[in-house]
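Enquirer: query01.cif is reproduced in full below (mmCIF, C-alpha atoms and all ligand atoms).
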```cif
data_coords
#
loop_
_atom_site.label_atom_id
_atom_site.label_comp_id
_atom_site.auth_asym_id
_atom_site.auth_seq_id
_atom_site.Cartn_x
_atom_site.Cartn_y
_atom_site.Cartn_z
CA MET E 16 6.05 16.76 22.68
CA THR E 17 3.79 13.82 22.20
CA GLN E 18 5.07 11.00 20.12
CA ARG E 19 2.51 9.18 18.09
CA GLU E 20 1.70 5.60 19.00
CA LYS E 21 3.09 2.80 16.90
CA PRO E 22 0.63 2.36 14.02
CA ALA E 23 -1.79 -0.55 13.79
CA ARG E 24 -0.82 -3.44 11.54
CA LEU E 25 -2.38 -3.26 8.10
CA VAL E 26 -2.54 -5.96 5.43
CA VAL E 27 -3.68 -4.84 1.97
CA GLY E 28 -4.43 -7.10 -0.98
CA ASN E 29 -3.46 -5.68 -4.36
CA TRP E 30 -5.44 -7.70 -6.86
CA LYS E 31 -3.78 -6.00 -9.85
CA MET E 32 -5.59 -6.79 -13.14
CA HIS E 33 -7.04 -10.05 -11.90
CA GLY E 34 -10.52 -11.24 -11.01
CA GLY E 35 -14.05 -11.06 -12.29
CA LEU E 36 -17.47 -10.81 -10.69
CA ALA E 37 -17.81 -14.51 -9.91
CA GLU E 38 -14.17 -15.00 -8.91
CA ASN E 39 -14.25 -11.95 -6.63
CA ALA E 40 -17.49 -13.05 -4.99
CA ALA E 41 -16.00 -16.44 -4.13
CA LEU E 42 -12.72 -14.94 -2.89
CA LEU E 43 -14.47 -12.33 -0.73
CA GLN E 44 -16.85 -14.88 0.72
CA ASP E 45 -13.93 -17.10 1.75
CA ILE E 46 -12.00 -14.17 3.21
CA LEU E 47 -14.99 -12.96 5.23
CA ALA E 48 -15.78 -16.47 6.46
CA GLY E 49 -12.14 -17.00 7.44
CA LEU E 50 -11.93 -13.68 9.29
CA GLN E 51 -15.14 -14.42 11.17
CA ALA E 52 -13.88 -17.86 12.19
CA LYS E 53 -10.64 -16.39 13.54
CA GLN E 54 -12.17 -13.39 15.27
CA GLY E 55 -10.96 -13.06 18.81
CA ALA E 56 -8.03 -15.41 18.29
CA ARG E 57 -5.52 -12.54 18.13
CA PRO E 58 -5.57 -8.76 18.10
CA ALA E 59 -7.25 -7.71 14.88
CA CYS E 60 -5.03 -6.23 12.22
CA LEU E 61 -6.57 -3.87 9.69
CA VAL E 62 -7.42 -5.53 6.38
CA ALA E 63 -8.15 -4.04 2.97
CA VAL E 64 -8.37 -5.16 -0.64
CA CYS E 65 -7.72 -3.05 -3.74
CA SER E 66 -9.51 -4.19 -6.89
CA PRO E 67 -9.66 -2.96 -10.48
CA TYR E 68 -12.08 -0.01 -10.88
CA PRO E 69 -15.07 -1.94 -12.29
CA TYR E 70 -15.36 -4.05 -9.15
CA LEU E 71 -15.39 -1.26 -6.57
CA GLY E 72 -19.19 -1.36 -6.51
CA GLN E 73 -19.02 -5.06 -5.80
CA LEU E 74 -16.57 -4.48 -2.96
CA GLN E 75 -18.82 -1.78 -1.54
CA GLN E 76 -21.79 -4.11 -1.65
CA VAL E 77 -20.05 -7.14 -0.19
CA LEU E 78 -17.76 -5.49 2.36
CA SER E 79 -19.85 -2.59 3.71
CA GLU E 80 -20.99 -4.50 6.77
CA SER E 81 -17.59 -6.08 7.37
CA THR E 82 -14.34 -4.95 8.96
CA VAL E 83 -12.55 -5.18 5.61
CA ALA E 84 -11.86 -1.87 3.89
CA TRP E 85 -11.34 -1.48 0.15
CA GLY E 86 -9.70 0.73 -2.37
CA ALA E 87 -8.41 1.24 -5.91
CA GLN E 88 -5.00 0.74 -7.47
CA ASN E 89 -4.58 4.10 -9.14
CA VAL E 90 -6.29 7.48 -9.51
CA ASN E 91 -5.96 10.64 -11.55
CA GLU E 92 -4.32 13.66 -9.94
CA HIS E 93 -6.95 16.14 -11.20
CA GLU E 94 -10.27 16.86 -9.55
CA ARG E 95 -12.30 16.48 -12.76
CA GLY E 96 -12.17 17.40 -16.40
CA ALA E 97 -11.43 16.25 -19.92
CA PHE E 98 -9.27 13.25 -19.07
CA THR E 99 -10.80 10.45 -21.12
CA GLY E 100 -10.47 7.07 -19.48
CA GLU E 101 -9.36 8.45 -16.13
CA VAL E 102 -10.96 8.10 -12.69
CA SER E 103 -11.04 10.79 -9.99
CA VAL E 104 -10.70 10.62 -6.22
CA ASP E 105 -14.33 11.73 -5.78
CA MET E 106 -15.45 8.81 -7.91
CA LEU E 107 -13.53 6.41 -5.70
CA ALA E 108 -15.08 8.06 -2.65
CA ASP E 109 -18.54 7.50 -4.17
CA PHE E 110 -17.81 3.79 -4.01
CA GLY E 111 -16.71 3.94 -0.39
CA CYS E 112 -12.99 3.52 -1.02
CA ARG E 113 -10.81 4.13 2.00
CA TYR E 114 -7.49 3.57 0.23
CA VAL E 115 -5.89 4.13 -3.14
CA ILE E 116 -2.52 2.75 -4.17
CA VAL E 117 -0.36 5.35 -5.90
CA GLY E 118 3.03 4.97 -7.53
CA HIS E 119 3.09 1.19 -7.70
CA SER E 120 6.30 0.19 -9.50
CA GLU E 121 4.27 -1.29 -12.35
CA ARG E 122 2.72 2.12 -12.93
CA ARG E 123 6.09 3.85 -12.68
CA ALA E 124 7.75 1.38 -15.07
CA LEU E 125 4.95 0.59 -17.52
CA PHE E 126 2.98 3.85 -17.52
CA GLY E 127 5.78 6.37 -17.03
CA GLU E 128 4.63 7.74 -13.68
CA THR E 129 7.19 10.06 -12.13
CA SER E 130 7.69 10.69 -8.42
CA GLU E 131 6.20 14.18 -8.90
CA LEU E 132 3.06 12.73 -10.46
CA VAL E 133 2.82 10.17 -7.68
CA ALA E 134 3.11 13.01 -5.14
CA ALA E 135 0.30 14.92 -6.89
CA LYS E 136 -1.92 11.84 -6.81
CA ALA E 137 -1.19 11.32 -3.12
CA GLU E 138 -2.08 14.94 -2.38
CA ARG E 139 -5.34 14.75 -4.35
CA ALA E 140 -6.26 11.52 -2.57
CA LEU E 141 -5.79 13.14 0.85
CA GLU E 142 -7.76 16.23 -0.19
CA GLY E 143 -10.60 13.94 -1.24
CA GLY E 144 -10.59 12.05 2.04
CA LEU E 145 -8.83 8.90 0.88
CA ILE E 146 -5.67 7.36 2.28
CA PRO E 147 -3.02 7.02 -0.40
CA ILE E 148 -0.78 3.96 -0.18
CA VAL E 149 2.38 5.44 -1.67
CA CYS E 150 4.75 2.83 -3.12
CA VAL E 151 8.49 3.20 -3.38
CA GLY E 152 11.15 0.69 -4.33
CA GLU E 153 14.38 0.06 -6.18
CA THR E 154 15.18 -2.25 -9.10
CA LEU E 155 17.71 -5.06 -8.83
CA ALA E 156 20.28 -3.05 -10.83
CA GLU E 157 19.81 -0.11 -8.48
CA ARG E 158 20.25 -2.32 -5.41
CA GLU E 159 23.30 -4.04 -6.84
CA SER E 160 24.93 -0.71 -7.61
CA GLY E 161 24.37 0.45 -4.03
CA ARG E 162 21.70 2.99 -4.92
CA THR E 163 18.75 1.65 -2.91
CA GLU E 164 18.69 4.55 -0.44
CA SER E 165 19.17 7.24 -3.06
CA VAL E 166 16.35 5.81 -5.21
CA VAL E 167 13.76 5.26 -2.50
CA GLY E 168 14.90 8.50 -0.84
CA GLU E 169 14.21 10.47 -4.02
CA GLN E 170 10.82 8.80 -4.41
CA LEU E 171 9.84 9.61 -0.83
CA ARG E 172 11.26 13.16 -0.88
CA ALA E 173 9.04 14.10 -3.83
CA VAL E 174 6.02 13.14 -1.74
CA LEU E 175 7.41 14.76 1.42
CA ASP E 176 8.08 18.01 -0.44
CA ARG E 177 4.52 18.11 -1.71
CA LEU E 178 2.64 16.89 1.37
CA GLY E 179 4.72 18.28 4.21
CA PRO E 180 3.48 17.03 7.58
CA LYS E 181 0.43 15.46 5.91
CA ILE E 182 2.82 12.66 4.91
CA THR E 183 1.84 11.00 8.17
CA ASN E 184 -1.74 10.66 6.95
CA THR E 185 -0.55 8.40 4.16
CA VAL E 186 0.50 4.77 4.18
CA LEU E 187 3.96 4.17 2.75
CA ALA E 188 4.79 0.85 1.07
CA TYR E 189 8.33 -0.30 0.41
CA GLU E 190 8.22 -2.67 -2.51
CA PRO E 191 11.59 -3.65 -3.96
CA VAL E 192 10.90 -4.11 -7.68
CA TRP E 193 13.07 -7.24 -7.77
CA ALA E 194 10.84 -8.90 -5.18
CA ILE E 195 7.48 -8.22 -6.83
CA GLY E 196 5.89 -11.30 -8.33
CA THR E 197 9.28 -12.99 -8.52
CA GLY E 198 9.13 -15.23 -5.47
CA LYS E 199 12.26 -13.41 -4.20
CA THR E 200 11.39 -11.73 -0.94
CA ALA E 201 13.62 -9.17 0.67
CA SER E 202 14.96 -10.74 3.85
CA PRO E 203 13.35 -9.30 6.97
CA GLU E 204 16.69 -7.59 7.69
CA GLN E 205 16.93 -6.06 4.21
CA ALA E 206 13.35 -4.83 4.45
CA GLN E 207 13.81 -3.48 7.98
CA GLU E 208 16.92 -1.59 6.91
CA VAL E 209 15.04 0.27 4.18
CA HIS E 210 11.98 0.81 6.38
CA ALA E 211 14.15 2.35 9.07
CA PHE E 212 15.79 4.56 6.46
CA LEU E 213 12.40 5.74 5.16
CA ARG E 214 11.05 6.41 8.64
CA GLY E 215 14.28 8.26 9.40
CA LEU E 216 13.78 10.53 6.39
CA VAL E 217 10.31 11.44 7.65
CA ALA E 218 11.71 11.90 11.18
CA GLN E 219 14.30 14.39 9.90
CA ARG E 220 11.41 16.73 9.13
CA TYR E 221 8.62 15.57 11.42
CA ILE E 222 10.21 13.88 14.38
CA ASP E 223 7.01 13.65 16.42
CA GLN E 224 4.95 12.05 13.69
CA ALA E 225 7.42 9.62 12.16
CA ALA E 226 6.80 6.83 14.67
CA GLY E 227 3.10 6.82 13.74
CA LEU E 228 3.69 6.42 9.99
CA GLN E 229 2.27 3.14 8.71
CA LEU E 230 4.99 1.46 6.66
CA LEU E 231 4.12 -1.67 4.69
CA TYR E 232 6.43 -4.15 3.02
CA GLY E 233 5.44 -5.62 -0.34
CA GLY E 234 7.10 -8.11 -2.66
CA SER E 235 6.42 -11.86 -2.57
CA VAL E 236 4.93 -11.81 0.93
CA LYS E 237 3.62 -15.31 1.61
CA PRO E 238 2.19 -17.18 4.60
CA GLY E 239 5.66 -18.62 5.19
CA ASN E 240 7.51 -15.31 5.51
CA ALA E 241 4.87 -12.84 6.71
CA ALA E 242 5.34 -13.32 10.46
CA GLU E 243 9.11 -12.79 10.27
CA LEU E 244 8.71 -9.65 8.18
CA PHE E 245 5.95 -8.20 10.35
CA ALA E 246 8.00 -8.83 13.48
CA LYS E 247 10.52 -6.17 12.44
CA PRO E 248 10.12 -2.91 14.34
CA ASP E 249 9.61 -0.65 11.32
CA ILE E 250 7.38 -3.00 9.30
CA ASN E 251 3.72 -2.33 10.08
CA GLY E 252 2.13 -4.77 7.68
CA GLY E 253 2.14 -5.77 4.04
CA LEU E 254 0.97 -5.02 0.53
CA ILE E 255 0.18 -8.40 -0.94
CA GLY E 256 -0.08 -9.22 -4.64
CA GLY E 257 -0.23 -12.86 -5.75
CA ALA E 258 -1.02 -14.31 -2.32
CA ALA E 259 -4.01 -11.96 -1.96
CA LEU E 260 -5.79 -13.89 -4.72
CA VAL E 261 -5.84 -17.10 -2.67
CA ALA E 262 -8.15 -16.78 0.33
CA LYS E 263 -6.25 -19.19 2.56
CA ASP E 264 -2.90 -17.52 1.86
CA PHE E 265 -4.31 -14.05 2.39
CA LEU E 266 -5.95 -15.12 5.66
CA ASP E 267 -2.73 -16.72 6.88
CA ILE E 268 -0.86 -13.49 6.14
CA VAL E 269 -3.54 -11.50 7.97
CA ALA E 270 -3.19 -13.88 10.91
CA ALA E 271 0.53 -13.04 11.00
CA GLY E 272 -0.35 -9.33 11.13
P1 LIG Y 301 3.54 -9.78 -5.02
O1 LIG Y 301 3.10 -8.30 -5.42
O2 LIG Y 301 3.07 -10.03 -3.61
O3 LIG Y 301 2.83 -10.68 -6.03
O4 LIG Y 301 5.02 -9.86 -5.14
C1 LIG Y 301 3.15 -7.23 -4.50
C2 LIG Y 301 2.72 -5.95 -5.16
O5 LIG Y 301 3.08 -5.74 -6.33
O6 LIG Y 301 2.01 -5.13 -4.55
#
```
Starting from the coordinates I provided, produce the structure as structure tokens.

Expert:
Amino acid sequence: MTQREKPARLVVGNWKMHGGLAENAALLQDILAGLQAKQGARPACLVAVCSPYPYLGQLQQVLSESTVAWGAQNVNEHERGAFTGEVSVDMLADFGCRYVIVGHSERRALFGETSELVAAKAERALEGGLIPIVCVGETLAERESGRTESVVGEQLRAVLDRLGPKITNTVLAYEPVWAIGTGKTASPEQAQEVHAFLRGLVAQRYIDQAAGLQLLYGGSVKPGNAAELFAKPDINGGLIGGAALVAKDFLDIVAAG
């Protein structure tokens, strides 16, 4: 039995519905300049940014020659068809996307996405050659009523049931809803506890692969708390919202990766 290596650190910027051509150009230029300046200073962690759909062409143009990967924040679960306003995995692939975020809590809460739909999107992404970043996380009420593990467990199981061992080709992101955009970060211990639980669930089915699963933490990650979070054994990087829109903050988080 060969156990997979511990996964590489990965830091992903989730721009959400922010940016514009000029703003993005400036942000990307600063990120690329900062990464170049720091090159060699520490082992490189993988870096990616996920923009709104209209800017994927811009990312492709600006980032193609760089070490920074890019992706989208959502995708449709069907291959093609009469789905007005939707975007397919193949379309994302056309623009060189490596990643696609699926099941972000904002999509679950605001757009009614169920765990089954999220699982279907993750499967379609893998079939189309993209890496889905599958988000799970509990609300404050769920945490306070002691239901964190049952909630994130249900969210992960839906994906596990659908993907089987291919789960290890995904990236999993634990994002407690109460920590997203609120300035309240889960403590490194709280985050580690849930990460270990999630990895354990995968290990119950796929013991050999579980150690290689890339597990990101997201929710108010900042330059001041990134190193502590990333130091935890089951935290392999971060999914960064607000701080990914400020080049210096994003670079400092990457440096902690
Ligand atoms: P935040 O967002 O870093 O602004 O809390 C994280 C996310 O929603 O992915």

Enquirer: Quick one: of E:Tyr232, E:Gly168, E:Ala41, E:Leu141, who's nearest to Glu94 (chain E), counting all atoms listed in the file?

Expert: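 Of E:Tyr232, E:Gly168, E:Ala41, E:Leu141, the one nearest Glu94 (chain E) is E:Leu141, counting all atoms listed in the file.
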
Enquirer: Restricting the calculation to all atoms listed in the file, which member of E:Val151, E:Ala225, E:Leu132, E:Val83 is positioned closest to ligand LIG 301 (chain Y)?

Expert: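 Once distances to ligand LIG 301 (chain Y) are computed over all atoms listed in the file, the minimum belongs to E:Val151.
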
Enquirer: Let me have all residues with an atom within 8 Å of ligand LIG 301 (chain Y), counting all atoms listed in the file, laid out as a ChimeraX atom specification.

Expert: /E:28-29,31,119-121,190,194-198,200,233-237,254-259

Enquirer: Could you tell me which of E:Gly152, E:Pro203, E:Gly96, E:Gly179 comes closest to Glu138 (chain E) if we count only C-alpha atoms?

Expert: E:Gly179

Enquirer: Enter the distance from CA of Tyr189 (chain E) to CA of Leu171 (chain E), in Å, rounded to one decimal.

Expert: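 CA of Leu171 (chain E) lies 10.1 Å from CA of Tyr189 (chain E).
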
Enquirer: Would you kindly return, as a list in words, each protein, DNA or RNA residue with an atom no farther than 12 Å from any atom of Gly111 (chain E), considering all atoms listed in the file and excluding same-chain residues fewer than 3 positions away?

Expert: Cys65, Tyr70, Leu71, Gly72, Gln73, Leu74, Gln75, Gln76, Val77, Leu78, Ser79, Glu80, Val83, Ala84, Trp85, Gly86, Ala87, Val104, Asp105, Met106, Leu107, Ala108, Tyr114, Val115, Gly143, Gly144, Leu145 and Ile146 of chain E

Enquirer: Identify, on the basis of only C-alpha atoms, every residue whose closest approach to Tyr221 (chain E) does not exceed 10 Å; exclude the query and any residue fewer than 4 positions from it along the same chain; express the result as JSON, numbers by chain.

Expert: {"E": [179, 180, 181, 182, 183, 214, 215, 216, 217, 225, 226]}

Enquirer: Please identify all polymer residues within 9 Å of Gly239 (chain E), counting all atoms listed in the file, omitting same-chain residues fewer than 3 positions from it, and present them as a list in words.

Expert: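 Once the nearby chain positions are removed, what remains is Val236, Ala242, Glu243, Asp267 and Ile268 of chain E.
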
Enquirer: Do you have the CA of Val26 (chain E)-CA of Thr129 (chain E) distance handy?

Expert: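 About the pair CA of Val26 (chain E) and CA of Thr129 (chain E): they are 25.7 Å apart.
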
Enquirer: Under the rule that all atoms listed in the file are counted, which of E:Ser202, E:Thr185, E:Ser165, E:Asn251 is the nearest residue to Gln224 (chain E)?

Expert: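 The shortest atom-to-atom distance to Gln224 (chain E) comes from E:Thr185.
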
Enquirer: Could you please determine the separation between CA of Lys21 (chain E) and CA of Pro191 (chain E) in Å, to one decimal place?

Expert: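 So the two atoms, CA of Lys21 (chain E) and CA of Pro191 (chain E), lie 23.4 Å apart.
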
Enquirer: Could you list, as a ChimeraX atom specification, every residue within 9 Å of Thr154 (chain E), counting only C-alpha atoms and ignoring same-chain residues fewer than 3 positions away?

Expert: /E:157-159,163,191-194
